[in-house]
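Chemist: Shown below is the structure under consideration.
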Amino acid sequence: MNIKGIDVSVWQGKIDWKKVKASGIVFAMIRVGYGSSQGNDCKMDTYFKANVEGALAAGVEVGIYFYSYAKSAQAAAREAAWVVEQIAPYKGRILYPVAYDLEDSKQTGLGRDVLTAMVTAFCTTIEAAGYYASFYCNTNWCKNMLNMDDLKGFDLWLAQWASQPTTAYSFGMWQRSSSGSVAGINGRVDLDVAYKDYAAIIKRAGLNGYKETAQPEKEPEKPAQPTEAPDVNDTRKKIVQKAIGELGVCEPTGDDKYIRWYNTEVLKTWSLPLDAAWCAMWVSYVTNYLAGIARDIVKPYCGCSTGMAFFKAQGVFHPSAACGGTYTPLPADIVFFKDKKSTAESTHTGLVEYAKDGVLHTIEGNTSNAVKRRQYDLNDTYIVGYAAPDYGKENIDSMTKAELKQMIREVIAEDNPTYADLKDVPAYWQEQAKALLDAGAVNGGTPADVNPTDLNLRHETLKAVIIASLYHDANTPPKSDHKIPPFRR
């Protein structure tokens, strides 16, 4: 999504907005005014009203920006309060953010903490008044003047005059040039690109005075959760909700936040191009970054086959029905697909929203360059299988005996290796395996009979016994007093 825009002030003089609209410009960020060091002597841009009214009359969507001279968070809050007063007559007509322009050379000596606090103070004041807030600065300010991690809650309007933006920070709007030429404007003008459909977002959220149109315009309502859907733990519910929150985000023509996050937070270097396939990075972003899942549970991956191999090594991968499996996927499981014409292990991935009546409902990134919902028959040959990471202890204690037996049957049905030595058992089972051996709970042995260095134990037997050890009748005590450690895959 690339939406063409400009930003203007008194310096552009009188503008013929009809010609601007006819040239293909969709939106304009219009300066409302500028501040002062204490924030108590703000001045309106002398062309503000003419620009806003002219743009609106011509059908150009409008956003607002304010040039700051503040030198403290308190002053920035006062500047914001002044802005709210000035734009009040246009409430319900502003379809783009209200932005804080932070770039003045007199502010550079204030330090990261003060400048970051100023952005926060301005944006939170704007948001408290019901507007969509953002802030404007260049790449130097992002890198050297602000604590960008503390500002993730606000959209960045990035100023970088180049053929392509190169910053690693996520941004929703890009000022790409200061020397553009647009019909209807005499002289140079700043050119901008919006990577989000701000108009739809603002209306949907009921911001900027659009309370009456706060219903979703594009994204369908979330299907009602089926009453027969399995009870899942809170972590799984959280992951699904975070995935739902990303619906509609577009890449690579969006702000590329998934690729940027993977480059900067996972790889720690800028090695993946902005046009890289991003379905796997989206799964990692949702699980690791948004939901806070540890990387030893869901290892960040940018290659689908690489991700699938990790989960297979963890012992938490289940083949699909088309591949001979019997596992029914749970919400927040990770689904892996392959191209129907390809022999590759996996070429696409996503998250399970739920499964019902033989239909798999998913949320996937990189689906027509956006995050979207999809549906598949559970027998679809496109599906390779599912990873069921240990997001926390499942509801084993509440399972029926029939459900437990079915889980064990599914485990045993998988193609699993044989372990000849305790050290060969996966690390995440080592402690449980040793305890089970000591307790004589596997292979019908006793502590005296079992040599932990000569297991000759099959993977599915070990896993099934560990699962079963979590669920036993009160009348069926363990074979010894040795306590089985909590199940950790």
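By convention here, the chains of the structure tokens are called A, B, ... in the order presented, each chain's residues are numbered starting at 1, and ligands are numbered starting at 1 in the order presented.
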Pick out each residue of stretch 58-137 of chain A that DSSP on the backbone tags as alpha helix (DSSP H); I need them as a ChimeraX atom specification.

Modeler: /A:58,73-87,112-128

Chemist: Save out the residues we just selected, N, CA and C atoms, as a compact mmCIF listing (two decimals), in the first residue's frame.

Modeler:
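Result file follows (result-v3.txt):
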```txt
# COMPACT_ATOMS: atom_id res chain seq x y z
N ALA A 58 -11.58 20.09 -1.92
CA ALA A 58 -11.13 19.44 -3.16
C ALA A 58 -11.12 17.92 -3.05
N ALA A 73 9.08 18.09 28.75
CA ALA A 73 7.86 17.32 28.54
C ALA A 73 6.63 18.15 28.88
N GLN A 74 6.75 18.97 29.91
CA GLN A 74 5.61 19.82 30.28
C GLN A 74 5.27 20.80 29.17
N ALA A 75 6.30 21.36 28.55
CA ALA A 75 6.07 22.30 27.45
C ALA A 75 5.45 21.58 26.25
N ALA A 76 5.90 20.36 25.98
CA ALA A 76 5.34 19.59 24.87
C ALA A 76 3.87 19.28 25.11
N ALA A 77 3.50 18.99 26.34
CA ALA A 77 2.09 18.74 26.67
C ALA A 77 1.25 20.00 26.46
N ARG A 78 1.83 21.15 26.79
CA ARG A 78 1.10 22.41 26.56
C ARG A 78 0.94 22.67 25.07
N GLU A 79 1.98 22.35 24.29
CA GLU A 79 1.86 22.49 22.84
C GLU A 79 0.73 21.62 22.30
N ALA A 80 0.67 20.40 22.80
CA ALA A 80 -0.37 19.47 22.34
C ALA A 80 -1.76 19.98 22.69
N ALA A 81 -1.91 20.51 23.89
CA ALA A 81 -3.21 21.04 24.31
C ALA A 81 -3.63 22.20 23.40
N TRP A 82 -2.68 23.01 23.01
CA TRP A 82 -2.97 24.11 22.09
C TRP A 82 -3.42 23.58 20.73
N VAL A 83 -2.75 22.54 20.25
CA VAL A 83 -3.12 21.95 18.97
C VAL A 83 -4.56 21.42 19.01
N VAL A 84 -4.90 20.75 20.09
CA VAL A 84 -6.26 20.21 20.22
C VAL A 84 -7.30 21.32 20.09
N GLU A 85 -7.02 22.46 20.68
CA GLU A 85 -7.96 23.59 20.59
C GLU A 85 -8.10 24.09 19.16
N GLN A 86 -6.99 24.16 18.45
CA GLN A 86 -7.01 24.75 17.10
C GLN A 86 -7.69 23.83 16.09
N ILE A 87 -7.57 22.53 16.27
CA ILE A 87 -8.14 21.61 15.27
C ILE A 87 -9.55 21.16 15.61
N ARG A 112 18.48 12.30 25.10
CA ARG A 112 17.50 11.28 24.69
C ARG A 112 16.29 11.23 25.63
N ASP A 113 16.55 11.20 26.92
CA ASP A 113 15.46 10.99 27.87
C ASP A 113 14.44 12.13 27.82
N VAL A 114 14.94 13.35 27.78
CA VAL A 114 14.02 14.50 27.74
C VAL A 114 13.25 14.52 26.42
N LEU A 115 13.95 14.32 25.31
CA LEU A 115 13.29 14.35 24.01
C LEU A 115 12.27 13.23 23.88
N THR A 116 12.61 12.06 24.39
CA THR A 116 11.66 10.94 24.36
C THR A 116 10.44 11.25 25.21
N ALA A 117 10.67 11.85 26.37
CA ALA A 117 9.56 12.23 27.24
C ALA A 117 8.68 13.29 26.57
N MET A 118 9.29 14.16 25.78
CA MET A 118 8.52 15.18 25.07
C MET A 118 7.58 14.56 24.04
N VAL A 119 8.12 13.62 23.26
CA VAL A 119 7.28 12.93 22.27
C VAL A 119 6.12 12.22 22.97
N THR A 120 6.45 11.54 24.06
CA THR A 120 5.42 10.81 24.80
C THR A 120 4.36 11.76 25.35
N ALA A 121 4.80 12.88 25.90
CA ALA A 121 3.85 13.85 26.47
C ALA A 121 2.93 14.42 25.40
N PHE A 122 3.50 14.80 24.25
CA PHE A 122 2.68 15.36 23.19
C PHE A 122 1.68 14.32 22.67
N CYS A 123 2.18 13.13 22.35
CA CYS A 123 1.32 12.12 21.73
C CYS A 123 0.25 11.61 22.68
N THR A 124 0.58 11.43 23.94
CA THR A 124 -0.44 10.97 24.88
C THR A 124 -1.51 12.03 25.10
N THR A 125 -1.13 13.30 25.06
CA THR A 125 -2.13 14.38 25.19
C THR A 125 -3.06 14.39 23.98
N ILE A 126 -2.48 14.20 22.80
CA ILE A 126 -3.29 14.14 21.57
C ILE A 126 -4.22 12.93 21.62
N GLU A 127 -3.70 11.79 22.04
CA GLU A 127 -4.52 10.59 22.11
C GLU A 127 -5.64 10.73 23.14
N ALA A 128 -5.33 11.38 24.27
CA ALA A 128 -6.36 11.58 25.31
C ALA A 128 -7.52 12.41 24.79
```

Chemist: For A:Lys338, please output as a ChimeraX atom specification all residues within 12 Å (counting only C-alpha atoms; exclusion window: fewer than 3 positions along the same chain).

Modeler: /A:304-305,308,320,322-323,335,341-350,380-385

Chemist: The selected residues should be written to file as a CSV table (one decimal), in the first residue's frame (atoms: C-alpha atoms).

Modeler:
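Output saved as again16.csv:
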```
chain,number,residue,atom,x,y,z
A,304,CYS,CA,9.4,-22.4,6.5
A,305,SER,CA,11.3,-25.7,6.2
A,308,MET,CA,9.4,-27.1,10.6
A,320,SER,CA,-1.5,-33.5,8.7
A,322,ALA,CA,-3.1,-35.8,4.2
A,323,CYS,CA,0.3,-37.0,5.4
A,335,VAL,CA,0.6,-24.8,10.5
A,341,LYS,CA,3.5,-28.7,-7.3
A,342,SER,CA,6.6,-28.6,-5.1
A,343,THR,CA,8.6,-31.4,-3.4
A,344,ALA,CA,9.9,-28.9,-0.9
A,345,GLU,CA,9.1,-29.7,2.8
A,346,SER,CA,7.3,-26.4,3.4
A,347,THR,CA,6.9,-23.2,1.4
A,348,HIS,CA,4.3,-21.4,3.6
A,349,THR,CA,3.3,-21.1,7.2
A,350,GLY,CA,0.7,-19.5,9.5
A,380,ASP,CA,-6.1,-30.7,2.1
A,381,THR,CA,-2.9,-32.0,0.6
A,382,TYR,CA,-1.5,-28.5,0.8
A,383,ILE,CA,-1.1,-28.9,4.6
A,384,VAL,CA,2.1,-30.7,5.7
A,385,GLY,CA,1.5,-30.6,9.4
```

Chemist: Sorted by chain and rising residue number, list the residues of stretch 62-141 of chain A at most 9 Å from stretch 24-36 of chain A (counting only C-alpha atoms), each with its closest atom pair and distance in Å to one decimal, as a Markdown table.

Modeler:
```
| residue | atom | partner | partner_atom | distance |
| --- | --- | --- | --- | --- |
| A:Val62 | CA | A:Ala28 | CA | 5.2 |
| A:Gly63 | CA | A:Met29 | CA | 4.4 |
| A:Ile64 | CA | A:Ile30 | CA | 4.9 |
| A:Tyr65 | CA | A:Arg31 | CA | 4.8 |
| A:Phe66 | CA | A:Gly33 | CA | 5.5 |
| A:Tyr67 | CA | A:Tyr34 | CA | 4.5 |
| A:Ser68 | CA | A:Gly35 | CA | 5.0 |
| A:Tyr69 | CA | A:Ser36 | CA | 4.7 |
| A:Ala70 | CA | A:Ser36 | CA | 5.5 |
| A:Lys71 | CA | A:Ser36 | CA | 8.3 |
| A:Ala75 | CA | A:Ser36 | CA | 8.0 |
| A:Ala76 | CA | A:Gly35 | CA | 8.5 |
| A:Glu79 | CA | A:Gly35 | CA | 6.2 |
| A:Val83 | CA | A:Val32 | CA | 7.3 |
| A:Gln86 | CA | A:Val32 | CA | 7.5 |
| A:Ile87 | CA | A:Val32 | CA | 7.8 |
| A:Leu95 | CA | A:Phe27 | CA | 8.7 |
| A:Tyr96 | CA | A:Met29 | CA | 7.6 |
| A:Pro97 | CA | A:Met29 | CA | 8.3 |
| A:Val98 | CA | A:Met29 | CA | 8.5 |
| A:Ala99 | CA | A:Met29 | CA | 8.5 |
```

Chemist: Considering only C-alpha atoms, can you say which of A:Asp197, A:Asp155, A:Asp192, A:Asp234 comes closest to A:Ile6?

Modeler: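 Under the stated criterion, the closest residue is A:Asp192.
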
Chemist: List the neighbours of A:Gly248 out to 10 Å using only C-alpha atoms; skip same-chain residues closer than 4 positions along the sequence, and give me the result as JSON, numbers by chain.

Modeler: {"A": [196, 197, 218, 219, 244, 365, 369, 370, 371, 372, 373]}
